[in-house]
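Student: One file is attached below, input35.tsv, containing TSV, C-alpha atoms and all ligand atoms.
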```tsv
chain	number	residue	atom	x	y	z
A	206	MET	CA	0.99	27.60	25.58
A	207	LYS	CA	0.17	24.12	24.33
A	208	LYS	CA	2.63	21.48	25.55
A	209	ARG	CA	4.37	19.47	22.87
A	210	ALA	CA	3.83	15.73	23.05
A	211	PRO	CA	6.98	14.08	24.41
A	212	ARG	CA	9.19	12.48	21.77
A	213	PRO	CA	8.65	8.70	21.81
A	214	GLN	CA	11.51	6.85	23.53
A	215	TYR	CA	11.86	3.85	21.24
A	216	THR	CA	14.52	1.18	21.67
A	217	ALA	CA	14.96	-2.12	19.82
A	218	ARG	CA	13.82	-3.97	22.94
A	219	THR	CA	10.67	-1.96	23.66
A	220	ALA	CA	9.46	-0.78	20.25
A	221	ASP	CA	6.54	-2.44	18.46
A	222	LYS	CA	7.53	-3.01	14.83
A	223	GLN	CA	3.97	-2.47	13.59
A	224	ILE	CA	3.89	1.00	15.18
A	225	LEU	CA	7.24	1.84	13.56
A	226	TYR	CA	5.99	0.53	10.20
A	227	GLN	CA	2.78	2.55	10.34
A	228	ASN	CA	4.67	5.70	11.39
A	229	SER	CA	7.33	5.40	8.70
A	230	VAL	CA	5.67	3.78	5.69
A	231	GLN	CA	1.94	4.32	5.73
A	232	ALA	CA	-0.09	7.38	4.76
A	233	PRO	CA	-3.68	6.08	4.86
A	234	ASP	CA	-5.29	9.48	4.38
A	235	ALA	CA	-3.33	10.05	1.16
A	236	GLU	CA	-4.29	6.63	-0.26
A	237	VAL	CA	-7.94	7.15	0.63
A	238	ALA	CA	-7.99	10.71	-0.76
A	239	PHE	CA	-6.47	9.48	-4.04
A	240	CYS	CA	-9.01	6.64	-4.41
A	241	ARG	CA	-11.97	8.90	-3.64
A	242	ARG	CA	-10.79	11.59	-6.08
A	243	ILE	CA	-10.29	9.19	-8.98
A	244	TYR	CA	-13.62	7.44	-8.41
A	245	LYS	CA	-15.60	10.70	-8.09
A	246	LYS	CA	-13.96	12.15	-11.18
A	247	ARG	CA	-14.89	9.13	-13.28
A	248	TYR	CA	-18.39	8.34	-12.02
A	249	GLY	CA	-19.55	11.67	-10.51
A	250	VAL	CA	-20.63	10.04	-7.23
A	251	GLU	CA	-18.87	8.98	-4.04
A	252	ALA	CA	-17.67	5.40	-3.68
A	253	THR	CA	-18.80	3.70	-0.49
A	254	LEU	CA	-17.61	0.07	-0.78
A	255	PHE	CA	-13.84	-0.29	-0.47
A	256	ARG	CA	-11.64	-3.38	-0.22
A	257	GLU	CA	-8.05	-3.26	0.99
A	258	ASP	CA	-6.13	-6.30	-0.26
A	259	PHE	CA	-3.01	-7.39	1.70
A	260	CYS	CA	-4.40	-5.10	4.41
A	261	GLY	CA	-1.96	-5.99	7.20
A	262	THR	CA	-3.11	-3.87	10.15
A	263	PHE	CA	-5.87	-2.38	7.91
A	264	LEU	CA	-5.07	1.24	8.67
A	265	ILE	CA	-6.47	2.29	5.27
A	266	SER	CA	-9.80	0.51	5.91
A	267	CYS	CA	-10.05	2.28	9.27
A	268	ASP	CA	-9.53	5.61	7.51
A	269	TRP	CA	-12.05	4.77	4.75
A	270	VAL	CA	-15.02	4.39	7.13
A	271	LYS	CA	-14.33	7.84	8.61
A	272	ARG	CA	-14.86	9.51	5.23
A	273	GLY	CA	-18.61	8.94	4.88
A	274	PRO	CA	-21.54	7.61	6.93
A	275	LYS	CA	-22.29	4.90	4.34
A	276	ASN	CA	-18.69	3.86	3.83
A	277	GLN	CA	-17.83	0.23	4.46
A	278	ALA	CA	-14.42	-1.38	4.20
A	279	TRP	CA	-13.26	-4.96	3.76
A	280	GLY	CA	-9.67	-5.83	4.66
A	281	ILE	CA	-8.11	-9.10	3.50
A	282	ASP	CA	-4.88	-10.59	4.81
A	283	LEU	CA	-3.46	-14.08	5.25
A	284	ASP	CA	-1.70	-13.33	8.51
A	285	GLN	CA	-3.96	-13.65	11.57
A	286	PRO	CA	-1.49	-12.16	14.11
A	287	THR	CA	-1.16	-9.01	11.99
A	288	LEU	CA	-4.96	-8.74	11.72
A	289	ASP	CA	-5.23	-9.22	15.51
A	290	TRP	CA	-2.74	-6.43	16.01
A	291	GLY	CA	-4.88	-4.20	13.77
A	292	ARG	CA	-8.01	-4.99	15.79
A	293	LYS	CA	-6.29	-4.13	19.04
A	294	HIS	CA	-4.47	-0.98	17.95
A	295	ASN	CA	-6.41	0.50	15.00
A	296	LEU	CA	-9.99	-0.79	15.00
A	297	SER	CA	-10.42	-0.24	18.75
A	298	LYS	CA	-9.62	3.48	18.28
A	299	LEU	CA	-12.69	3.97	16.05
A	300	LYS	CA	-16.12	4.82	17.46
A	301	PRO	CA	-18.31	1.66	17.76
A	302	ALA	CA	-20.56	2.73	14.86
A	303	LEU	CA	-17.52	2.98	12.60
A	304	GLN	CA	-16.03	-0.29	13.83
A	305	LYS	CA	-19.16	-2.09	12.59
A	306	ARG	CA	-18.44	-0.90	9.06
A	307	VAL	CA	-14.96	-2.50	8.94
A	308	HIS	CA	-15.01	-6.17	7.89
A	309	ILE	CA	-11.85	-8.18	8.30
A	310	LEU	CA	-11.24	-11.40	6.36
A	311	ASN	CA	-8.37	-13.75	7.20
A	312	GLN	CA	-8.19	-15.10	3.65
A	313	ASN	CA	-6.09	-15.30	0.54
A	314	VAL	CA	-6.79	-12.42	-1.87
A	315	LEU	CA	-7.00	-15.08	-4.60
A	316	ASP	CA	-10.08	-16.63	-2.94
A	317	VAL	CA	-12.32	-13.59	-2.48
A	318	THR	CA	-14.67	-12.12	-5.13
A	319	LYS	CA	-17.64	-11.04	-2.99
A	320	PRO	CA	-19.16	-8.67	-2.11
A	321	LYS	CA	-18.75	-6.55	-5.23
A	322	MET	CA	-16.77	-3.38	-4.58
A	323	HIS	CA	-16.62	0.17	-5.86
A	324	ILE	CA	-12.88	0.27	-5.18
A	325	VAL	CA	-10.32	-2.46	-4.60
A	326	GLY	CA	-6.84	-1.27	-3.59
A	327	ALA	CA	-3.50	-3.03	-3.14
A	328	PHE	CA	-0.94	-0.73	-1.52
A	329	ASN	CA	2.67	-0.68	-0.52
A	330	PHE	CA	3.48	-2.87	-3.52
A	331	SER	CA	2.15	-6.01	-1.81
A	332	TYR	CA	1.09	-7.66	-5.09
A	333	PHE	CA	4.81	-7.75	-6.10
A	334	ILE	CA	4.78	-11.14	-4.30
A	335	PHE	CA	3.25	-12.51	-7.52
A	336	LYS	CA	6.38	-13.08	-9.55
A	337	SER	CA	5.14	-14.46	-12.86
A	338	PRO	CA	2.72	-12.88	-15.35
A	339	VAL	CA	0.45	-15.93	-14.90
A	340	GLU	CA	0.21	-15.32	-11.13
A	341	LEU	CA	-0.21	-11.56	-11.49
A	342	ILE	CA	-2.95	-11.94	-14.10
A	343	ALA	CA	-4.69	-14.56	-11.92
A	344	TYR	CA	-4.78	-12.08	-9.03
A	345	PHE	CA	-5.94	-9.18	-11.22
A	346	SER	CA	-8.67	-11.45	-12.69
A	347	LYS	CA	-9.97	-12.18	-9.18
A	348	VAL	CA	-10.05	-8.46	-8.48
A	349	ARG	CA	-11.85	-7.88	-11.77
A	350	LYS	CA	-14.52	-10.38	-10.65
A	351	SER	CA	-14.81	-8.54	-7.31
A	352	LEU	CA	-15.79	-5.23	-8.87
A	353	ALA	CA	-19.24	-3.64	-9.24
A	354	PRO	CA	-20.13	-2.15	-12.67
A	355	LYS	CA	-18.99	1.37	-11.63
A	356	SER	CA	-15.67	0.67	-10.03
A	357	ILE	CA	-11.90	1.07	-10.07
A	358	PHE	CA	-8.89	-1.00	-9.05
A	359	VAL	CA	-5.98	0.98	-7.59
A	360	VAL	CA	-2.43	-0.24	-7.07
A	361	ASP	CA	0.75	1.60	-6.26
A	362	ALA	CA	4.19	0.76	-7.66
A	363	TYR	CA	7.76	1.94	-7.22
A	364	GLY	CA	10.66	1.87	-9.61
A	365	GLY	CA	13.37	3.84	-11.41
A	366	TYR	CA	16.97	2.83	-12.05
A	367	ASP	CA	17.89	3.23	-8.35
A	368	SER	CA	15.37	0.53	-7.45
A	369	GLN	CA	17.56	-1.98	-9.32
A	370	LYS	CA	20.62	-1.10	-7.22
A	371	VAL	CA	21.80	-2.88	-4.11
A	372	MET	CA	21.67	0.08	-1.74
A	373	GLN	CA	20.15	1.45	1.45
A	374	ASP	CA	18.02	4.52	1.91
A	375	THR	CA	17.85	6.09	5.36
A	376	ARG	CA	15.14	8.39	6.63
A	377	LYS	CA	14.77	10.05	10.05
A	378	CYS	CA	11.37	9.54	11.66
A	379	GLU	CA	9.99	10.74	15.01
A	380	GLY	CA	12.06	8.80	17.58
A	381	PHE	CA	13.80	6.34	15.22
A	382	THR	CA	15.53	5.92	11.86
A	383	TYR	CA	13.93	3.96	9.03
A	384	ILE	CA	16.20	2.06	6.66
A	385	TRP	CA	15.00	0.67	3.34
A	386	ASP	CA	17.53	-1.99	2.36
A	387	GLN	CA	17.58	-3.18	-1.24
A	388	ALA	CA	19.69	-6.24	-0.44
A	389	GLU	CA	19.48	-8.14	-3.75
A	390	TYR	CA	18.41	-7.52	-7.31
A	391	ASN	CA	18.61	-10.11	-10.07
A	392	PRO	CA	18.68	-8.49	-13.53
A	393	LEU	CA	17.82	-11.80	-15.18
A	394	THR	CA	14.47	-12.18	-13.42
A	395	ASP	CA	13.73	-8.72	-11.92
A	396	GLU	CA	13.48	-10.40	-8.52
A	397	THR	CA	14.45	-8.24	-5.57
A	398	LEU	CA	14.94	-8.93	-1.87
A	399	CYS	CA	14.38	-5.95	0.42
A	400	HIS	CA	14.30	-5.40	4.16
A	401	ILE	CA	13.17	-2.71	6.53
A	402	HIS	CA	15.46	-2.08	9.51
A	403	PHE	CA	14.89	0.36	12.36
A	404	HIS	CA	17.68	2.08	14.32
A	405	PHE	CA	17.14	3.84	17.63
A	406	PRO	CA	18.69	6.85	19.41
A	407	ASP	CA	20.22	4.61	22.13
A	408	GLY	CA	22.25	2.78	19.45
A	409	THR	CA	20.10	-0.38	19.40
A	410	ARG	CA	18.84	-1.79	16.10
A	411	MET	CA	15.91	-3.86	14.89
A	412	ARG	CA	17.32	-5.65	11.84
A	413	LYS	CA	15.05	-7.17	9.17
A	414	ALA	CA	11.86	-6.10	10.94
A	415	PHE	CA	10.16	-6.77	7.59
A	416	THR	CA	11.44	-8.66	4.54
A	417	TYR	CA	10.04	-8.58	1.01
A	418	ASP	CA	10.80	-11.16	-1.65
A	419	TRP	CA	9.34	-9.49	-4.72
A	420	ARG	CA	9.40	-9.12	-8.44
A	421	LEU	CA	10.04	-5.51	-9.36
A	422	TRP	CA	7.24	-5.03	-11.87
A	423	THR	CA	7.35	-2.21	-14.38
A	424	LEU	CA	4.35	0.04	-14.95
A	425	GLY	CA	4.07	-1.26	-18.51
A	426	GLY	CA	4.03	-4.85	-17.25
A	427	ILE	CA	1.39	-4.08	-14.61
A	428	ARG	CA	-0.84	-2.35	-17.16
A	429	ASP	CA	-0.47	-5.26	-19.61
A	430	ALA	CA	-1.40	-7.71	-16.84
A	431	MET	CA	-4.51	-5.67	-15.98
A	432	LYS	CA	-5.57	-5.68	-19.63
A	433	ALA	CA	-4.95	-9.43	-19.84
A	434	ALA	CA	-7.15	-9.83	-16.76
A	435	GLY	CA	-10.05	-8.10	-18.50
A	436	PHE	CA	-9.68	-4.47	-17.48
A	437	ARG	CA	-10.97	-2.29	-20.31
A	438	GLU	CA	-8.69	0.64	-19.54
A	439	THR	CA	-5.71	1.48	-17.39
A	440	GLU	CA	-4.50	4.87	-16.26
A	441	ALA	CA	-1.11	5.84	-14.85
A	442	TYR	CA	-0.73	8.58	-12.23
A	443	TRP	CA	2.69	10.16	-11.84
A	444	GLU	CA	3.86	12.28	-8.90
A	445	GLY	CA	4.75	15.95	-9.37
A	446	THR	CA	8.03	17.33	-8.02
A	447	MET	CA	8.94	20.26	-5.78
A	448	ASN	CA	11.82	22.68	-6.56
A	449	ASN	CA	14.27	20.46	-4.65
A	450	GLY	CA	13.35	17.49	-6.86
A	451	GLU	CA	11.46	15.65	-4.10
A	452	GLY	CA	7.96	14.27	-4.82
A	453	ASP	CA	5.14	16.69	-3.94
A	454	GLY	CA	2.57	14.01	-3.10
A	455	ILE	CA	0.27	15.07	-5.97
A	456	PHE	CA	-0.36	12.35	-8.54
A	457	ARG	CA	-1.60	13.40	-11.98
A	458	LYS	CA	-2.70	11.30	-14.92
A	459	ALA	CA	0.16	11.00	-17.42
A	460	GLU	CA	1.30	8.98	-20.42
A	461	ARG	CA	4.88	10.31	-20.55
A	462	ALA	CA	7.23	11.05	-17.66
A	463	GLU	CA	10.84	11.91	-16.96
A	464	ASN	CA	12.96	8.80	-16.39
A	465	CYS	CA	14.11	9.53	-12.83
A	466	GLY	CA	16.10	7.37	-10.42
A	467	ALA	CA	13.33	6.65	-7.94
A	468	TRP	CA	9.60	7.12	-8.24
A	469	THR	CA	6.28	5.87	-6.93
A	470	ALA	CA	3.15	5.88	-9.06
A	471	TYR	CA	-0.43	4.64	-9.11
A	472	ILE	CA	-2.03	2.47	-11.79
A	473	VAL	CA	-5.80	2.48	-11.97
A	474	GLY	CA	-7.69	-0.31	-13.72
A	475	ILE	CA	-11.16	0.38	-15.11
A	476	PRO	CA	-13.36	-2.72	-15.63
B	501	LIG	C1	3.75	-5.32	2.59
B	501	LIG	S1	2.50	-5.90	3.73
B	501	LIG	C2	1.32	-4.67	3.34
B	501	LIG	C3	0.60	-4.05	4.48
B	501	LIG	C4	-0.33	-2.90	4.08
B	501	LIG	N1	-1.16	-3.25	2.92
B	501	LIG	C5	0.39	-1.62	3.76
B	501	LIG	O1	-0.09	-0.86	2.92
B	501	LIG	O2	1.39	-1.30	4.33
B	501	LIG	C6	1.96	-7.35	2.92
B	501	LIG	C7	0.82	-8.13	3.58
B	501	LIG	O3	0.28	-9.03	2.62
B	501	LIG	C8	-0.15	-10.22	3.28
B	501	LIG	N2	-0.28	-11.26	2.24
B	501	LIG	C9	0.70	-11.85	1.51
B	501	LIG	N3	0.18	-12.69	0.60
B	501	LIG	C10	-1.17	-12.62	0.73
B	501	LIG	C11	-2.27	-13.25	0.05
B	501	LIG	N4	-2.08	-14.10	-0.95
B	501	LIG	N5	-3.52	-12.94	0.45
B	501	LIG	C12	-3.73	-12.09	1.48
B	501	LIG	N6	-2.73	-11.45	2.14
B	501	LIG	C13	-1.47	-11.73	1.79
B	501	LIG	C14	0.90	-10.44	4.34
B	501	LIG	O4	0.39	-11.23	5.39
B	501	LIG	C15	1.21	-9.00	4.77
B	501	LIG	O5	0.46	-8.60	5.89
```
Represent the supplied structure as structure tokens.
Ligand SMILES: C[S@@+](CC[C@H](N)C(=O)[O-])C[C@H]1O[C@@H](n2cnc3c(N)ncnc32)[C@H](O)[C@@H]1O
Tutor:
Amino acid sequence: MKKRAPRPQYTARTADKQILYQNSVQAPDAEVAFCRRIYKKRYGVEATLFREDFCGTFLISCDWVKRGPKNQAWGIDLDQPTLDWGRKHNLSKLKPALQKRVHILNQNVLDVTKPKMHIVGAFNFSYFIFKSPVELIAYFSKVRKSLAPKSIFVVDAYGGYDSQKVMQDTRKCEGFTYIWDQAEYNPLTDETLCHIHFHFPDGTRMRKAFTYDWRLWTLGGIRDAMKAAGFRETEAYWEGTMNNGEGDGIFRKAERAENCGAWTAYIVGIP
């Protein structure tokens, strides 16, 4: 009989917050599968050139290069220590031939427009740091300039009336508990302050492991900003639900949806 891997023994003192983040928040294979599906459906061929904006530890870029021998990925992030962590823990796990196809740029996403991409993605709501329409449109315009003729821009978003509440959402993960803390929401500006905390079986806690000072953009606002930035078309992809009301992980193109308390969605911009 195959032995089960031992349960990780995390504590606040010993745990690496990037490992906890990747294990609780990220699903690189799902993001990559979504991007590839939408691109193939529109253009009938596989995308090969992919850019991950706000890439952090560039887990999605590392997944992208596994999906095809010609695939190349560019990851952009301002934070050098986070990029270094990604090199040590994610890039090093790829075969050398794959590692060569991952290009990491320690730059501002507002300063990069080359090389031209088939797909640019911004995930885990990172572009919510741009709080005004002017800033958001400036970023989307840079992305627009970074795109090849046959290309798409993919962003995710979250929302629903629960996202405007000061509340905490707790989820059990393998060896720790993940807490999403919506600490502040200002109805006059749509600004929100959120934290991620991690709690451990031995009772220790890692408070404010990550903090996000964001504007909670609506899907309508994001689509308007993409159009203002020169995108010809935008598409919204809404998640289906299982019998228990939970999301089923399958995102379908939609123009009307049920107004539920909490949702995530994708918006795709077509240049
Ligand atoms: C929420 S994390 C996202 C990590 C990863 N994309 C994910 O899907 O989980 C946001 C990242 O954006 C980076 N960042 C913030 N502003 C940036 C900018 N203007 N240009 C590039 N990276 C930026 C931060 O350093 C941080 O690593």
Student: Using all atoms listed in the file, find each residue with an atom at most 10 Å away from ligand LIG 501 (chain B) and format the answer as a ChimeraX atom specification.
Tutor: /A:223,226-227,229-233,236,257-266,280-288,310-317,326-335,344,361,415-417
Student: Go ahead and write the residues just picked, C-alpha atoms, as a PDB file, in the frame of the given file.
Tutor:
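Ended up saving to again_19.pdb:
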```pdb
ATOM      1  CA  GLN A 223       3.970  -2.470  13.590  1.00  0.00           C
ATOM      2  CA  TYR A 226       5.990   0.530  10.200  1.00  0.00           C
ATOM      3  CA  GLN A 227       2.780   2.550  10.340  1.00  0.00           C
ATOM      4  CA  SER A 229       7.330   5.400   8.700  1.00  0.00           C
ATOM      5  CA  VAL A 230       5.670   3.780   5.690  1.00  0.00           C
ATOM      6  CA  GLN A 231       1.940   4.320   5.730  1.00  0.00           C
ATOM      7  CA  ALA A 232      -0.090   7.380   4.760  1.00  0.00           C
ATOM      8  CA  PRO A 233      -3.680   6.080   4.860  1.00  0.00           C
ATOM      9  CA  GLU A 236      -4.290   6.630  -0.260  1.00  0.00           C
ATOM     10  CA  GLU A 257      -8.050  -3.260   0.990  1.00  0.00           C
ATOM     11  CA  ASP A 258      -6.130  -6.300  -0.260  1.00  0.00           C
ATOM     12  CA  PHE A 259      -3.010  -7.390   1.700  1.00  0.00           C
ATOM     13  CA  CYS A 260      -4.400  -5.100   4.410  1.00  0.00           C
ATOM     14  CA  GLY A 261      -1.960  -5.990   7.200  1.00  0.00           C
ATOM     15  CA  THR A 262      -3.110  -3.870  10.150  1.00  0.00           C
ATOM     16  CA  PHE A 263      -5.870  -2.380   7.910  1.00  0.00           C
ATOM     17  CA  LEU A 264      -5.070   1.240   8.670  1.00  0.00           C
ATOM     18  CA  ILE A 265      -6.470   2.290   5.270  1.00  0.00           C
ATOM     19  CA  SER A 266      -9.800   0.510   5.910  1.00  0.00           C
ATOM     20  CA  GLY A 280      -9.670  -5.830   4.660  1.00  0.00           C
ATOM     21  CA  ILE A 281      -8.110  -9.100   3.500  1.00  0.00           C
ATOM     22  CA  ASP A 282      -4.880 -10.590   4.810  1.00  0.00           C
ATOM     23  CA  LEU A 283      -3.460 -14.080   5.250  1.00  0.00           C
ATOM     24  CA  ASP A 284      -1.700 -13.330   8.510  1.00  0.00           C
ATOM     25  CA  GLN A 285      -3.960 -13.650  11.570  1.00  0.00           C
ATOM     26  CA  PRO A 286      -1.490 -12.160  14.110  1.00  0.00           C
ATOM     27  CA  THR A 287      -1.160  -9.010  11.990  1.00  0.00           C
ATOM     28  CA  LEU A 288      -4.960  -8.740  11.720  1.00  0.00           C
ATOM     29  CA  LEU A 310     -11.240 -11.400   6.360  1.00  0.00           C
ATOM     30  CA  ASN A 311      -8.370 -13.750   7.200  1.00  0.00           C
ATOM     31  CA  GLN A 312      -8.190 -15.100   3.650  1.00  0.00           C
ATOM     32  CA  ASN A 313      -6.090 -15.300   0.540  1.00  0.00           C
ATOM     33  CA  VAL A 314      -6.790 -12.420  -1.870  1.00  0.00           C
ATOM     34  CA  LEU A 315      -7.000 -15.080  -4.600  1.00  0.00           C
ATOM     35  CA  ASP A 316     -10.080 -16.630  -2.940  1.00  0.00           C
ATOM     36  CA  VAL A 317     -12.320 -13.590  -2.480  1.00  0.00           C
ATOM     37  CA  GLY A 326      -6.840  -1.270  -3.590  1.00  0.00           C
ATOM     38  CA  ALA A 327      -3.500  -3.030  -3.140  1.00  0.00           C
ATOM     39  CA  PHE A 328      -0.940  -0.730  -1.520  1.00  0.00           C
ATOM     40  CA  ASN A 329       2.670  -0.680  -0.520  1.00  0.00           C
ATOM     41  CA  PHE A 330       3.480  -2.870  -3.520  1.00  0.00           C
ATOM     42  CA  SER A 331       2.150  -6.010  -1.810  1.00  0.00           C
ATOM     43  CA  TYR A 332       1.090  -7.660  -5.090  1.00  0.00           C
ATOM     44  CA  PHE A 333       4.810  -7.750  -6.100  1.00  0.00           C
ATOM     45  CA  ILE A 334       4.780 -11.140  -4.300  1.00  0.00           C
ATOM     46  CA  PHE A 335       3.250 -12.510  -7.520  1.00  0.00           C
ATOM     47  CA  TYR A 344      -4.780 -12.080  -9.030  1.00  0.00           C
ATOM     48  CA  ASP A 361       0.750   1.600  -6.260  1.00  0.00           C
ATOM     49  CA  PHE A 415      10.160  -6.770   7.590  1.00  0.00           C
ATOM     50  CA  THR A 416      11.440  -8.660   4.540  1.00  0.00           C
ATOM     51  CA  TYR A 417      10.040  -8.580   1.010  1.00  0.00           C
TER      52      TYR A 417
END
```
Student: How far is it from CA of Thr216 in chain A to CA of Thr382 in chain A, in Å with one decimal?
Tutor: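 Between these atoms lies a distance of 10.9 Å.
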Student: Show which residues sit within 8 Å of range 394-409 of chain A, as a PyMOL selection string. Count only C-alpha atoms, and ignore same-chain residues fewer than 4 positions away.
Tutor: chain A and resi 215-217+225+336+369+380-390+413-422
Student: For a quick check of understanding, using all atoms listed in the file, which of A:Arg376, A:Arg256, A:Arg412, A:Arg218 has the smallest distance to Cys240 in chain A?
Tutor: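 Using all atoms listed in the file, the shortest distance to Cys240 in chain A belongs to A:Arg256.
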Student: For a quick check of understanding, using all atoms listed in the file, which of A:Ser351, A:Gln373, A:Thr469, A:Ser356 has the smallest distance to Ala252 in chain A?
Tutor: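 Of the candidates, the smallest distance to Ala252 in chain A is held by A:Ser356.
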Student: Residues near range 429-438 of chain A, anyone? I mean within 10 Å using only C-alpha atoms, not counting same-chain ones fewer than 6 positions away, as a list of chain:residue names.
Tutor: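 Selected residues are A:Pro338, A:Val339, A:Glu340, A:Leu341, A:Ile342, A:Ala343, A:Tyr344, A:Phe345, A:Ser346, A:Lys347, A:Val348, A:Arg349, A:Lys350, A:Ile357, A:Phe358, A:Thr423, A:Ile472, A:Val473, A:Gly474, A:Ile475, A:Pro476.
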Student: Could you write out the selected residues, including C-alpha atoms, as a CSV table (one decimal), keeping the file's coordinate frame?
Tutor:
```
chain,number,residue,atom,x,y,z
A,338,PRO,CA,2.7,-12.9,-15.4
A,339,VAL,CA,0.4,-15.9,-14.9
A,340,GLU,CA,0.2,-15.3,-11.1
A,341,LEU,CA,-0.2,-11.6,-11.5
A,342,ILE,CA,-3.0,-11.9,-14.1
A,343,ALA,CA,-4.7,-14.6,-11.9
A,344,TYR,CA,-4.8,-12.1,-9.0
A,345,PHE,CA,-5.9,-9.2,-11.2
A,346,SER,CA,-8.7,-11.4,-12.7
A,347,LYS,CA,-10.0,-12.2,-9.2
A,348,VAL,CA,-10.0,-8.5,-8.5
A,349,ARG,CA,-11.8,-7.9,-11.8
A,350,LYS,CA,-14.5,-10.4,-10.6
A,357,ILE,CA,-11.9,1.1,-10.1
A,358,PHE,CA,-8.9,-1.0,-9.0
A,423,THR,CA,7.4,-2.2,-14.4
A,472,ILE,CA,-2.0,2.5,-11.8
A,473,VAL,CA,-5.8,2.5,-12.0
A,474,GLY,CA,-7.7,-0.3,-13.7
A,475,ILE,CA,-11.2,0.4,-15.1
A,476,PRO,CA,-13.4,-2.7,-15.6
```
Student: Residues at most 8 Å from Cys267 in chain A, counting all atoms listed in the file, excluding those fewer than 5 positions away in the same chain, as a PyMOL selection string?
Tutor: chain A and resi 278+295-296+299+304+307
Student: So how far away is CA of Trp443 in chain A from CA of Gly364 in chain A, in Å?
Tutor: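 CA of Trp443 in chain A lies 11.7 Å from CA of Gly364 in chain A.
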Student: So, with only C-alpha atoms as the atoms that count, which of A:Lys370, A:Arg461, A:Lys298, A:Lys245 lies closest to Leu424 in chain A?
Tutor: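 Between A:Lys370, A:Arg461, A:Lys298, A:Lys245, the residue approaching Leu424 in chain A most closely is A:Arg461.
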